[in-house]
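Okay, structure first, notes after.
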Amino acid sequence: MGPYCVNSGPVARVDPLLGPIADVLIDRAGLTSGERVLDVGCGSGATTFAFAKAVAPNGFALGLDVSEPMLSQARALAPKGLPLDFVLADAGLRSGR
Ligand SMILES: C[S@@+](CC[C@H](N)C(=O)[O-])C[C@H]1O[C@@H](n2cnc3c(N)ncnc32)[C@H](O)[C@@H]1O
């Protein structure tokens, strides 16, 4: 994760850089309608949008990120009508320790 990703920096530069990687990831995941996806480190939501399209209409995609600015952008850019939501959380935190 680079300095572009967490809390500051030119957020809009992230998706174009990672787009080709995300395309391969989404293809290899082989998702079908009805499945549920947890997108950890969803950033500004491009991968979550693609996952939600792949599992719609009966599935669901939840994007999780530690950066509120990234999630704000994801919520603003999210296409209407897709089965998705976003949550602010640190995937690195472990409970009970
Ligand atoms: C390189 S971006 C990837 C964004 C998106 N998945 C994509 O492919 O366009 C990585 C994201 O992981 C998030 N991230 C880094 N550490 C995290 C953690 N411990 N918990 C949740 N998200 C985290 C960053 O805030 C950033 O938005």
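All residue names refer to the structure tokens as shown: chains lettered A, B, ... in order, residues numbered from 1 in each chain, ligands numbered from 1 in order.
Every residue of region 6-61 of chain A found in strand (DSSP E or B) when DSSP is run on the backbone appears here: A:Arg36, A:Val37, A:Leu38, A:Asp39, A:Val40, A:Phe60, A:Ala61.
Closest approach to Gly81 (chain A) from the set A:Gly43, A:Arg36, A:Ala22, A:Lys53 is made by A:Lys53, with distances taken over only C-alpha atoms.
Closest approach to ligand 1 among A:Val40, A:Val87, A:Ala56, A:Val24: A:Val40, based on only C-alpha atoms and all ligand atoms.
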**OP:** Rank A:Met70, A:Leu77, A:Leu64, A:Leu31 by their smallest atom-to-atom distance to Phe51 (chain A), using only C-alpha atoms, and report the top residue only.
**Re:** A:Leu31
**OP:** Excluding Thr47 (chain A) and residues on its chain fewer than 6 positions from it, collect all residues at most 12 Å away from it, counting only C-alpha atoms, and give them as a VMD selection string.
**Re:** chain A and resid 14 to 16 18 to 27 29 37 to 41 53 to 54 61 to 64 74 77 to 78 84 86
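With distances restricted to only C-alpha atoms and all ligand atoms, A:Val66 is the closest residue to ligand 1 from A:Val66, A:Arg75, A:Thr48, A:Phe60.
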